[in-house]
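Peer 1: Handing you this structure, nothing more for now.
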Amino acid sequence: MERTFLMIKPDGVRRGLVGEIVARFERKGLKLIALDLVHASRETVEAHYGVHREKPFFAGVVGFILSGPVVTTVWEGDEVIAISRKLMGATKPTEANPGTIRGDYSNSVEQNLIHGSDSVENAASEIALWYPNLV
Ligand code: UDP
Ligand code: MG
């Protein structure tokens with residue numbers, strides 16, 4: 001059974017889309033095993049986006065995630081990583097299909113509502129970072 005880390009970004013919380021976004025994963029049949037509203041620390045967010053440290057958008061995305069509370073979640077299910085990435089939609093607004101979360105509700109490459117782990121390895125390290133006590 002696979003696990004993934006999904007985070008509703010500050011734009012999703014500010015816009016009142018938490019219920020809508022969580023509901024999509026629930027209706028898909030994925031199992032919610034952790035959920036919290038948190039104001040993350042800079043240290044955690046910089047570690048979370050550590051793979052992007054050298055990218056030009058690194059400082060911007062870290063500052064954006066720190067701009068308000070986020071909703072962190074962990075989900076479980078067969079192929080949950082690939083399935084949740086599909087439901088999220090592509091990173092770029094021009095590529096996110098209608099019917100996906102980003103495709104339906106975002107027109108920004110930065111303020112794109114949701115983060116989702118993209119591999120088994122990254123899911124494990126992100127879950128360990130945000131939920132060190134989750135068994
Ligand atoms: N991002 C950005 N500008 C870019 C690319 C990415 O601000 O040109 C932000 C955006 O919020 C994205 C995050 O950095 O969700 C991480 O980028 P990644 O390529 O990992 O996209 P994701 O996995 O979130 O689809
Ligand atoms: Mg990513």
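In the structure tokens, chains take the letters A, B, ... in the order shown, each chain's residues start at 1, and ligands count up from 1 in the order shown.
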Counting only C-alpha atoms, what is within 9 Å of Leu134 of chain A, bar same-chain residues fewer than 6 positions away, as a ChimeraX atom specification?

Peer 2: /A:34,127-128

Peer 1: Got time to write the residues from that selection, C-alpha atoms, as a PDB file, in the first residue's frame?

Peer 2:
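File result02.pdb, as written:
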ATOM      1  CA  ALA A  34      -3.488  12.573   8.530  1.00  0.00           C
ATOM      2  CA  ILE A 127       5.969  12.439   5.102  1.00  0.00           C
ATOM      3  CA  ALA A 128       9.003  12.085   7.405  1.00  0.00           C
TER       4      ALA A 128
END

Peer 1: Give as a list in words the residues surrounding ligand 1 up to a distance of 6 Å, considering only C-alpha atoms and all ligand atoms.

Peer 2: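 Listing the residues within 6 Å of ligand 1 gives Phe57, Val61, Ala90, Thr91, Val109, Glu110, Gln111, Asn112 and His115 of chain A.
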
Peer 1: Quick one: residues within 12 Å of Glu79 of chain A, only C-alpha atoms, excluding same-chain residues fewer than 3 positions away - as an mmCIF file with all heavy atoms, in the first residue's frame?

Peer 2:
data_model
loop_
_atom_site.group_PDB
_atom_site.id
_atom_site.type_symbol
_atom_site.label_atom_id
_atom_site.label_comp_id
_atom_site.auth_asym_id
_atom_site.auth_seq_id
_atom_site.Cartn_x
_atom_site.Cartn_y
_atom_site.Cartn_z
ATOM 1 N N MET A 1 0.850 -1.212 0.000
ATOM 2 C CA MET A 1 0.000 0.000 0.000
ATOM 3 C C MET A 1 0.877 1.251 0.000
ATOM 4 O O MET A 1 1.743 1.393 0.845
ATOM 5 C CB MET A 1 -0.904 -0.026 1.239
ATOM 6 C CG MET A 1 -2.027 1.000 1.220
ATOM 7 S SD MET A 1 -3.238 0.788 -0.081
ATOM 8 C CE MET A 1 -4.185 -0.589 0.563
ATOM 9 N N GLU A 2 0.617 2.157 -0.959
ATOM 10 C CA GLU A 2 1.458 3.351 -1.115
ATOM 11 C C GLU A 2 0.894 4.521 -0.298
ATOM 12 O O GLU A 2 -0.300 4.592 -0.047
ATOM 13 C CB GLU A 2 1.436 3.699 -2.610
ATOM 14 C CG GLU A 2 2.592 4.509 -3.118
ATOM 15 C CD GLU A 2 2.563 4.557 -4.644
ATOM 16 O OE1 GLU A 2 1.891 5.456 -5.199
ATOM 17 O OE2 GLU A 2 3.192 3.698 -5.289
ATOM 18 N N ARG A 3 1.793 5.458 0.063
ATOM 19 C CA ARG A 3 1.367 6.690 0.740
ATOM 20 C C ARG A 3 1.884 7.910 -0.006
ATOM 21 O O ARG A 3 2.928 7.843 -0.668
ATOM 22 C CB ARG A 3 1.929 6.747 2.166
ATOM 23 C CG ARG A 3 1.179 5.859 3.134
ATOM 24 C CD ARG A 3 1.723 6.012 4.533
ATOM 25 N NE ARG A 3 0.953 5.207 5.459
ATOM 26 C CZ ARG A 3 1.172 5.157 6.774
ATOM 27 N NH1 ARG A 3 2.156 5.869 7.312
ATOM 28 N NH2 ARG A 3 0.415 4.414 7.548
ATOM 29 N N THR A 4 1.155 9.028 0.124
ATOM 30 C CA THR A 4 1.634 10.285 -0.452
ATOM 31 C C THR A 4 1.348 11.449 0.476
ATOM 32 O O THR A 4 0.470 11.375 1.347
ATOM 33 C CB THR A 4 1.004 10.547 -1.840
ATOM 34 O OG1 THR A 4 1.762 11.563 -2.505
ATOM 35 C CG2 THR A 4 -0.453 10.971 -1.740
ATOM 36 N N GLY A 29 -11.728 7.644 -3.601
ATOM 37 C CA GLY A 29 -11.570 6.404 -2.834
ATOM 38 C C GLY A 29 -10.237 6.303 -2.112
ATOM 39 O O GLY A 29 -9.895 5.242 -1.581
ATOM 40 N N LEU A 30 -9.473 7.396 -2.113
ATOM 41 C CA LEU A 30 -8.194 7.387 -1.399
ATOM 42 C C LEU A 30 -8.460 7.538 0.090
ATOM 43 O O LEU A 30 -9.425 8.187 0.504
ATOM 44 C CB LEU A 30 -7.303 8.524 -1.920
ATOM 45 C CG LEU A 30 -7.124 8.538 -3.444
ATOM 46 C CD1 LEU A 30 -6.274 9.726 -3.875
ATOM 47 C CD2 LEU A 30 -6.517 7.238 -3.934
ATOM 48 N N LYS A 31 -7.587 6.949 0.889
ATOM 49 C CA LYS A 31 -7.809 6.939 2.338
ATOM 50 C C LYS A 31 -6.989 8.030 3.022
ATOM 51 O O LYS A 31 -5.755 8.046 2.921
ATOM 52 C CB LYS A 31 -7.428 5.565 2.901
ATOM 53 C CG LYS A 31 -7.748 5.420 4.370
ATOM 54 C CD LYS A 31 -7.330 4.056 4.888
ATOM 55 C CE LYS A 31 -7.508 3.984 6.390
ATOM 56 N NZ LYS A 31 -6.806 2.811 6.943
ATOM 57 N N TRP A 75 -2.151 10.520 2.543
ATOM 58 C CA TRP A 75 -3.161 9.630 1.966
ATOM 59 C C TRP A 75 -2.535 8.282 1.652
ATOM 60 O O TRP A 75 -1.337 8.202 1.384
ATOM 61 C CB TRP A 75 -3.723 10.240 0.671
ATOM 62 C CG TRP A 75 -4.405 11.550 0.884
ATOM 63 C CD1 TRP A 75 -3.798 12.759 1.064
ATOM 64 C CD2 TRP A 75 -5.808 11.788 0.965
ATOM 65 N NE1 TRP A 75 -4.755 13.744 1.241
ATOM 66 C CE2 TRP A 75 -5.989 13.173 1.178
ATOM 67 C CE3 TRP A 75 -6.938 10.970 0.861
ATOM 68 C CZ2 TRP A 75 -7.259 13.754 1.304
ATOM 69 C CZ3 TRP A 75 -8.200 11.552 0.973
ATOM 70 C CH2 TRP A 75 -8.351 12.930 1.198
ATOM 71 N N GLU A 76 -3.390 7.276 1.629
ATOM 72 C CA GLU A 76 -2.937 5.914 1.408
ATOM 73 C C GLU A 76 -3.808 5.253 0.348
ATOM 74 O O GLU A 76 -5.010 5.508 0.291
ATOM 75 C CB GLU A 76 -3.087 5.153 2.736
ATOM 76 C CG GLU A 76 -2.248 3.922 2.873
ATOM 77 C CD GLU A 76 -2.301 3.403 4.299
ATOM 78 O OE1 GLU A 76 -3.355 2.845 4.669
ATOM 79 O OE2 GLU A 76 -1.312 3.576 5.025
ATOM 80 N N ALA A 82 0.542 8.391 -8.233
ATOM 81 C CA ALA A 82 0.161 8.683 -9.621
ATOM 82 C C ALA A 82 -1.281 9.169 -9.711
ATOM 83 O O ALA A 82 -1.597 10.106 -10.458
ATOM 84 C CB ALA A 82 0.367 7.455 -10.492
ATOM 85 N N ILE A 83 -2.169 8.555 -8.934
ATOM 86 C CA ILE A 83 -3.581 8.943 -8.982
ATOM 87 C C ILE A 83 -3.770 10.382 -8.486
ATOM 88 O O ILE A 83 -4.460 11.191 -9.115
ATOM 89 C CB ILE A 83 -4.445 7.970 -8.143
ATOM 90 C CG1 ILE A 83 -4.473 6.584 -8.804
ATOM 91 C CG2 ILE A 83 -5.869 8.506 -7.975
ATOM 92 C CD1 ILE A 83 -5.096 5.490 -7.938
ATOM 93 N N SER A 84 -3.113 10.731 -7.388
ATOM 94 C CA SER A 84 -3.299 12.086 -6.853
ATOM 95 C C SER A 84 -2.677 13.130 -7.768
ATOM 96 O O SER A 84 -3.222 14.227 -7.940
ATOM 97 C CB SER A 84 -2.764 12.186 -5.429
ATOM 98 O OG SER A 84 -1.414 11.800 -5.366
ATOM 99 N N ARG A 85 -1.535 12.816 -8.408
ATOM 100 C CA ARG A 85 -0.934 13.760 -9.363
ATOM 101 C C ARG A 85 -1.905 14.004 -10.524
ATOM 102 O O ARG A 85 -2.012 15.114 -11.040
ATOM 103 C CB ARG A 85 0.392 13.214 -9.904
ATOM 104 C CG ARG A 85 1.516 13.113 -8.889
ATOM 105 C CD ARG A 85 2.151 14.427 -8.510
ATOM 106 N NE ARG A 85 2.708 15.176 -9.612
ATOM 107 C CZ ARG A 85 3.445 16.281 -9.456
ATOM 108 N NH1 ARG A 85 3.725 16.744 -8.237
ATOM 109 N NH2 ARG A 85 3.897 16.942 -10.488
ATOM 110 N N LYS A 86 -2.610 12.975 -10.947
ATOM 111 C CA LYS A 86 -3.596 13.131 -12.038
ATOM 112 C C LYS A 86 -4.736 14.042 -11.622
ATOM 113 O O LYS A 86 -5.178 14.907 -12.383
ATOM 114 C CB LYS A 86 -4.164 11.764 -12.417
ATOM 115 C CG LYS A 86 -3.601 11.259 -13.685
ATOM 116 C CD LYS A 86 -4.505 10.480 -14.573
ATOM 117 C CE LYS A 86 -4.008 10.644 -15.991
ATOM 118 N NZ LYS A 86 -2.953 9.725 -16.375
ATOM 119 N N SER A 117 3.374 14.761 -3.684
ATOM 120 C CA SER A 117 4.619 14.023 -3.903
ATOM 121 C C SER A 117 4.617 13.419 -5.303
ATOM 122 O O SER A 117 3.573 12.990 -5.803
ATOM 123 C CB SER A 117 4.756 12.888 -2.893
ATOM 124 O OG SER A 117 4.565 13.347 -1.576
ATOM 125 N N ASP A 118 5.815 13.352 -5.923
ATOM 126 C CA ASP A 118 5.887 12.852 -7.297
ATOM 127 C C ASP A 118 6.587 11.512 -7.430
ATOM 128 O O ASP A 118 6.751 11.008 -8.539
ATOM 129 C CB ASP A 118 6.538 13.900 -8.209
ATOM 130 C CG ASP A 118 7.973 14.200 -7.808
ATOM 131 O OD1 ASP A 118 8.483 13.578 -6.853
ATOM 132 O OD2 ASP A 118 8.585 15.062 -8.464
ATOM 133 N N SER A 119 7.048 10.913 -6.334
ATOM 134 C CA SER A 119 7.691 9.594 -6.393
ATOM 135 C C SER A 119 7.608 8.953 -5.009
ATOM 136 O O SER A 119 7.375 9.643 -4.008
ATOM 137 C CB SER A 119 9.162 9.734 -6.799
ATOM 138 O OG SER A 119 9.880 10.389 -5.770
ATOM 139 N N VAL A 120 7.829 7.649 -4.979
ATOM 140 C CA VAL A 120 7.811 6.925 -3.699
ATOM 141 C C VAL A 120 8.870 7.489 -2.753
ATOM 142 O O VAL A 120 8.612 7.690 -1.564
ATOM 143 C CB VAL A 120 8.038 5.407 -3.945
ATOM 144 C CG1 VAL A 120 8.251 4.662 -2.642
ATOM 145 C CG2 VAL A 120 6.861 4.815 -4.705
#

Peer 1: For Val13 of chain A, please output as a short mmCIF file (atom, residue, chain, number, x, y, z; two decimals) with C-alpha atoms, in the first residue's frame all residues within 9 Å (counting only C-alpha atoms; exclusion window: fewer than 4 positions along the same chain).

Peer 2:
data_model
loop_
_atom_site.label_atom_id
_atom_site.label_comp_id
_atom_site.auth_asym_id
_atom_site.auth_seq_id
_atom_site.Cartn_x
_atom_site.Cartn_y
_atom_site.Cartn_z
CA ILE A 8 -3.22 22.55 0.18
CA LYS A 9 -1.23 25.75 -0.34
CA LEU A 17 -11.23 25.52 -1.30
CA VAL A 18 -10.05 23.10 1.41
CA GLY A 68 -0.47 31.85 5.29
CA PRO A 69 -1.57 28.57 6.81
CA VAL A 70 -1.49 25.39 4.73
CA VAL A 71 -3.38 22.12 5.12
CA LEU A 113 -3.40 25.35 -4.88
#

Peer 1: Have a look at A:Arg27, A:Lys92, A:His39, A:His52 and name the one nearest to ligand 2; count only C-alpha atoms and all ligand atoms.

Peer 2: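 Closest residue, counting only C-alpha atoms and all ligand atoms: A:His52.
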
Peer 1: DSSP on the backbone: which residues in chain A end up as helix (DSSP H, G or I)? Give the answer as a ChimeraX atom specification.

Peer 2: /A:10-14,18-28,42-48,50-52,58-65,80-88,101-105,120-130

Peer 1: May I ask for the distance between atom CA of Glu26 of chain A and atom CA of Tyr49 of chain A, given in Å to one decimal place?

Peer 2: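 Atom CA of Glu26 of chain A sits 25.9 Å away from atom CA of Tyr49 of chain A.
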
Peer 1: Which one of A:Asp36, A:Glu20, A:Asp11, A:Asp78 sits closest to Ile101 of chain A if you count only C-alpha atoms?

Peer 2: A:Glu20

Peer 1: How would you write, as a ChimeraX atom specification, the set of residues in chain A that DSSP gives as strand (DSSP E or B)?

Peer 2: /A:2-8,31-38,70-77,98,100,114-116

Peer 1: Neighbouring residues of Leu66 of chain A were defined as those with any atom within 8 Å, considering only C-alpha atoms; residues of the same chain fewer than 5 positions away were excluded. Please report them as a ChimeraX atom specification.

Peer 2: /A:10,39-42,45

Peer 1: With C-alpha atoms retained, write the just-selected residues as a PDB file, in the first residue's frame.

Peer 2:
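Saved as selection06.pdb:
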ATOM      1  CA  PRO A  10      -2.116  29.144   1.225  1.00  0.00           C
ATOM      2  CA  HIS A  39       1.605  27.720   9.654  1.00  0.00           C
ATOM      3  CA  ALA A  40       4.836  26.120   8.490  1.00  0.00           C
ATOM      4  CA  SER A  41       8.333  27.252   9.494  1.00  0.00           C
ATOM      5  CA  ARG A  42      10.813  28.549   6.897  1.00  0.00           C
ATOM      6  CA  VAL A  45       9.376  24.738   3.726  1.00  0.00           C
TER       7      VAL A  45
END

Peer 1: Return the single residue from A:Glu54, A:Asn133, A:Ile114, A:Thr73 that is closest to ligand 2, with distances computed using only C-alpha atoms and all ligand atoms.

Peer 2: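 Nearest candidate to ligand 2 out of A:Glu54, A:Asn133, A:Ile114, A:Thr73: A:Ile114.
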
Peer 1: Just how far from atom CA of Leu129 of chain A is atom CA of His48 of chain A, in Å to one decimal?

Peer 2: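 Here the two named atoms are 7.4 Å from each other.
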
Peer 1: Which of these, A:Leu6, A:Leu87, A:Val80, A:Val74, has the shortest distance to ligand 2 once you count only C-alpha atoms and all ligand atoms?

Peer 2: A:Leu6

Peer 1: Just how far from atom CA of Ala124 of chain A is atom CA of Gly63 of chain A, in Å to one decimal?

Peer 2: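 That distance, rounded to one decimal, is 23.9 Å.
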
Peer 1: Could you tell me which of A:Ala23, A:Ala59, A:Met88, A:Val38 comes closest to ligand 2 if we count only C-alpha atoms and all ligand atoms?

Peer 2: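 Selected residue with least distance to ligand 2: A:Met88.
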
Peer 1: Go through A:Ile21, A:Val51, A:Ile81, A:Met7 one by one, measure the shortest atom-to-atom distance of each to Arg102 of chain A using only C-alpha atoms, and give the residue with the smallest value.

Peer 2: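 The closest residue to Arg102 of chain A is A:Ile21.
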